[in-house]
Amino acid sequence: MADFREKVRELIRLLPEVERREGEPMCGHTSFRIGGRAALMLLPRSAEELERSFACCRKLGVAPLIIGNGTNLLVEEGELELAVIKTHGGLEGVRLLNGTEIEAESGALLARIAVFAMEHSLTGLEFAHGIPGSVGGAAVMNAGAYGGEMKDVIVRTLALDEQGREFTLTGAEHDFSYRHSAFTGGDVVLKTVIRLEKGDGAAIRGRMEELMAKRRASQPLNYPSAGSTFKRPAGGYAAALIDEAGLKGYRVGGAMVSEKHAGFVINAGGATFDDVLAVMEHVRETVFRRSGIELEPEVRIIRGRS
């Protein structure tokens, strides 16, 4: 830990222009509302600040945790050896490039971009209206809902590779598939371009409201969670397998399988990192024992203690 603290001090010295927070509680930056204190959080306000932050981390041998809105993260508690770079709050630019293309910086929320599209009578992004994450994370994991995915609309993405070099992916180069893209764990999305089609603004608004009503009716939106806890297995649905195993309402401490939607593990009140992990592990073991299907977490599990 002492060596890491020294690296944090050096990062602070090298990045005087970048907003920073030391000992920042991650519970305030994740939708699970769980997480310990990150040694350092950097909040760049431009692509240039992000690139410089990333370069300085790399120079010091620190692998930064890049987050947007923290909606798919389960973060360990305690004092964490983490240098976090958060894009949401700073890199949120959204602009119309031409009649049908929208350029969005990585920290811009999908919900905001969907509303921006509606305001310009552009259709194709309605499915994203209720997804709480940022577009950078959505591009990396090919986020989707209600029959739509980012692969349907993203046409170009500017990113940094693990060495801090800029590169651009276009079209099929993204290699999108279910919750997968060509981006590696070390790549950092800077901005992406979404191509939509002209449509009727009122119809677009109606579809967005319809999908939001479906979410409210079927998902436990009144509890902290990270959305769908497990990826969809081949030939089935995680929620159905969990429900069939009789696991709705299964609870460890403050973590519980939602009684409203079995695909969600929720923070029902005071849940800890270990509580959530225990529920997830029990669900995986039970489903595998009953069906032979091994569920894979969709939630990113972040540890940061020595």
# chains A, B, ... in the order shown; residues from 1 in each chain; ligands from 1
>>> closest_atom_pairs(of="segment 153-262 of chain A", to="segment 38-50 of chain A", cutoff="10 Å", atoms="only C-alpha atoms", output="JSON lines")
{"residue": "A:Leu160", "atom": "CA", "partner": "A:Leu50", "partner_atom": "CA", "distance": 9.9}
{"residue": "A:Val188", "atom": "CA", "partner": "A:Leu50", "partner_atom": "CA", "distance": 9.3}
{"residue": "A:Val189", "atom": "CA", "partner": "A:Ala47", "partner_atom": "CA", "distance": 9.9}
{"residue": "A:Leu190", "atom": "CA", "partner": "A:Ala47", "partner_atom": "CA", "distance": 6.5}
{"residue": "A:Lys191", "atom": "CA", "partner": "A:Ala47", "partner_atom": "CA", "distance": 8.8}
>>> residues_around(residues="Gly236 of chain A", least_positions_apart="5", cutoff="12 Å", atoms="only C-alpha atoms", output="PyMOL selection string")
chain A and resi 230-231+241-242+244+291+293-295
>>> closest_atom_pairs(of="segment 266-288 of chain A", to="segment 301-306 of chain A", cutoff="12 Å", atoms="only C-alpha atoms", output="CSV")
residue,atom,partner,partner_atom,distance
A:Phe273,CA,A:Ile301,CA,9.2
A:Asp274,CA,A:Ile301,CA,11.0
A:Val276,CA,A:Ile301,CA,10.3
A:Leu277,CA,A:Ile301,CA,9.0
A:Met280,CA,A:Ile301,CA,11.3
>>> atom_distance(atom1="atom CA of Leu73 of chain A", atom2="atom CA of Val155 of chain A")
26.3 Å
>>> residues_around(residues="Ser134 of chain A", least_positions_apart="2", cutoff="9 Å", atoms="only C-alpha atoms", output="list in words")
Ile67, Gly68, Asn69, Gly70, Thr71, Thr87, His88, Glu92, Ser106, Gly107, Ala108, Leu109, Leu110, Ala111, Ile131, Pro132, Gly136, Gly137, Ala138 and Ala139 of chain A
>>> write_last_selection(atoms="C-alpha atoms", output="PDB file, in the first residue's frame")
ATOM      1  CA  ILE A  67     -15.953   4.212 -15.090  1.00  0.00           C
ATOM      2  CA  GLY A  68     -18.878   6.101 -16.544  1.00  0.00           C
ATOM      3  CA  ASN A  69     -21.978   6.106 -14.346  1.00  0.00           C
ATOM      4  CA  GLY A  70     -20.991   2.976 -12.376  1.00  0.00           C
ATOM      5  CA  THR A  71     -24.151   1.077 -13.268  1.00  0.00           C
ATOM      6  CA  THR A  87     -15.922  10.104 -17.450  1.00  0.00           C
ATOM      7  CA  HIS A  88     -19.506  10.914 -16.438  1.00  0.00           C
ATOM      8  CA  GLU A  92     -20.687  14.477 -21.640  1.00  0.00           C
ATOM      9  CA  SER A 106     -17.950   8.580 -23.491  1.00  0.00           C
ATOM     10  CA  GLY A 107     -19.437   9.935 -20.251  1.00  0.00           C
ATOM     11  CA  ALA A 108     -22.763  11.008 -21.788  1.00  0.00           C
ATOM     12  CA  LEU A 109     -25.689   9.011 -20.430  1.00  0.00           C
ATOM     13  CA  LEU A 110     -27.641   6.842 -22.867  1.00  0.00           C
ATOM     14  CA  ALA A 111     -30.909   8.205 -21.523  1.00  0.00           C
ATOM     15  CA  ILE A 131     -30.630   2.164 -19.622  1.00  0.00           C
ATOM     16  CA  PRO A 132     -28.840   4.141 -16.871  1.00  0.00           C
ATOM     17  CA  GLY A 136     -18.697   4.534 -23.382  1.00  0.00           C
ATOM     18  CA  GLY A 137     -19.577   1.547 -21.238  1.00  0.00           C
ATOM     19  CA  ALA A 138     -22.528   0.730 -23.493  1.00  0.00           C
ATOM     20  CA  ALA A 139     -20.199   0.572 -26.502  1.00  0.00           C
TER      21      ALA A 139
END
>>> residues_around(residues="Glu77 of chain A", least_positions_apart="2", cutoff="8 Å", atoms="only C-alpha atoms", output="compact mmCIF listing (two decimals) with C-alpha atoms, in the first residue's frame")
# COMPACT_ATOMS: atom_id res chain seq x y z
CA ILE A 34 -21.70 -0.39 -2.40
CA GLY A 35 -17.95 0.22 -2.38
CA GLY A 36 -15.01 1.36 -0.28
CA ARG A 37 -12.73 4.37 -0.59
CA VAL A 75 -16.92 -2.74 -5.78
CA GLU A 79 -9.42 1.15 1.68
CA LEU A 80 -8.86 0.39 -2.00
CA THR A 272 -22.26 -5.46 1.50
CA PHE A 273 -19.94 -6.60 -1.26
>>> closest_residue(among="A:Val18, A:Glu298, A:Ala262, A:Glu119", to="Asn142 of chain A", atoms="only C-alpha atoms")
A:Glu298
>>> atom_distance(atom1="atom CA of Leu96 of chain A", atom2="atom CA of Met212 of chain A")
24.5 Å
>>> atom_distance(atom1="atom CA of Met208 of chain A", atom2="atom CA of Leu196 of chain A")
15.1 Å
>>> select_by_dssp(residues="segment 108-222 of chain A", states="strand (DSSP E)", output="MDAnalysis selection string")
chainID A and resid 122:123 144:145 148:149 154:160 166:170 188:195 197:198
>>> closest_residue(among="A:Glu296, A:Lys7, A:Ile113, A:Cys57", to="Pro233 of chain A", atoms="only C-alpha atoms")
A:Glu296
>>> residues_around(residues="Val140 of chain A", least_positions_apart="4", cutoff="12 Å", atoms="only C-alpha atoms", output="PDB file with C-alpha atoms, in the first residue's frame")
ATOM      1  CA  ILE A  66     -12.323   3.657 -16.010  1.00  0.00           C
ATOM      2  CA  ILE A  67     -15.953   4.212 -15.090  1.00  0.00           C
ATOM      3  CA  GLY A  68     -18.878   6.101 -16.544  1.00  0.00           C
ATOM      4  CA  SER A 106     -17.950   8.580 -23.491  1.00  0.00           C
ATOM      5  CA  GLY A 133     -25.253   3.765 -18.090  1.00  0.00           C
ATOM      6  CA  SER A 134     -22.951   5.948 -20.156  1.00  0.00           C
ATOM      7  CA  VAL A 135     -22.362   5.495 -23.876  1.00  0.00           C
ATOM      8  CA  GLY A 136     -18.697   4.534 -23.382  1.00  0.00           C
ATOM      9  CA  GLY A 144     -29.126  -3.508 -25.200  1.00  0.00           C
ATOM     10  CA  GLU A 149     -28.469  -3.166 -29.087  1.00  0.00           C
ATOM     11  CA  MET A 150     -25.703  -0.637 -29.530  1.00  0.00           C
ATOM     12  CA  LYS A 151     -24.432  -2.675 -32.475  1.00  0.00           C
ATOM     13  CA  ILE A 154     -22.922   2.659 -33.499  1.00  0.00           C
ATOM     14  CA  THR A 157     -15.756   4.960 -32.145  1.00  0.00           C
ATOM     15  CA  LEU A 158     -12.588   6.788 -31.116  1.00  0.00           C
ATOM     16  CA  ALA A 159     -10.677   5.134 -28.269  1.00  0.00           C
ATOM     17  CA  LEU A 169     -13.155   1.430 -35.132  1.00  0.00           C
ATOM     18  CA  HIS A 174     -16.420  -3.212 -33.560  1.00  0.00           C
ATOM     19  CA  ASP A 175     -16.989  -7.005 -33.615  1.00  0.00           C
ATOM     20  CA  PHE A 176     -20.235  -6.606 -31.699  1.00  0.00           C
ATOM     21  CA  SER A 177     -22.080  -9.631 -30.360  1.00  0.00           C
ATOM     22  CA  TYR A 178     -24.097 -10.276 -27.213  1.00  0.00           C
ATOM     23  CA  ARG A 179     -22.445  -8.209 -24.425  1.00  0.00           C
ATOM     24  CA  HIS A 180     -19.189  -8.232 -26.391  1.00  0.00           C
ATOM     25  CA  SER A 181     -17.119  -5.901 -28.552  1.00  0.00           C
ATOM     26  CA  ALA A 182     -13.607  -5.628 -29.945  1.00  0.00           C
ATOM     27  CA  PHE A 183     -12.603  -3.345 -27.077  1.00  0.00           C
ATOM     28  CA  THR A 184     -10.318  -5.006 -24.537  1.00  0.00           C
ATOM     29  CA  GLY A 185     -10.300  -4.402 -20.793  1.00  0.00           C
ATOM     30  CA  GLY A 186      -7.486  -1.879 -21.232  1.00  0.00           C
ATOM     31  CA  ASP A 187      -9.105   0.234 -23.964  1.00  0.00           C
ATOM     32  CA  VAL A 188     -10.735   3.572 -23.148  1.00  0.00           C
ATOM     33  CA  VAL A 189     -13.581   4.925 -25.275  1.00  0.00           C
ATOM     34  CA  LEU A 190     -13.330   8.677 -25.958  1.00  0.00           C
ATOM     35  CA  LYS A 191     -16.392   9.221 -28.135  1.00  0.00           C
ATOM     36  CA  THR A 192     -18.701   7.354 -30.453  1.00  0.00           C
TER      37      THR A 192
END
>>> closest_residue(among="A:Val193, A:Ala271, A:Ala117, A:Ala255", to="Glu105 of chain A", atoms="only C-alpha atoms")
A:Val193
>>> residues_around(residues="Ala145 of chain A", least_positions_apart="3", cutoff="7 Å", atoms="only C-alpha atoms", output="PyMOL selection string")
chain A and resi 127-128+148-149
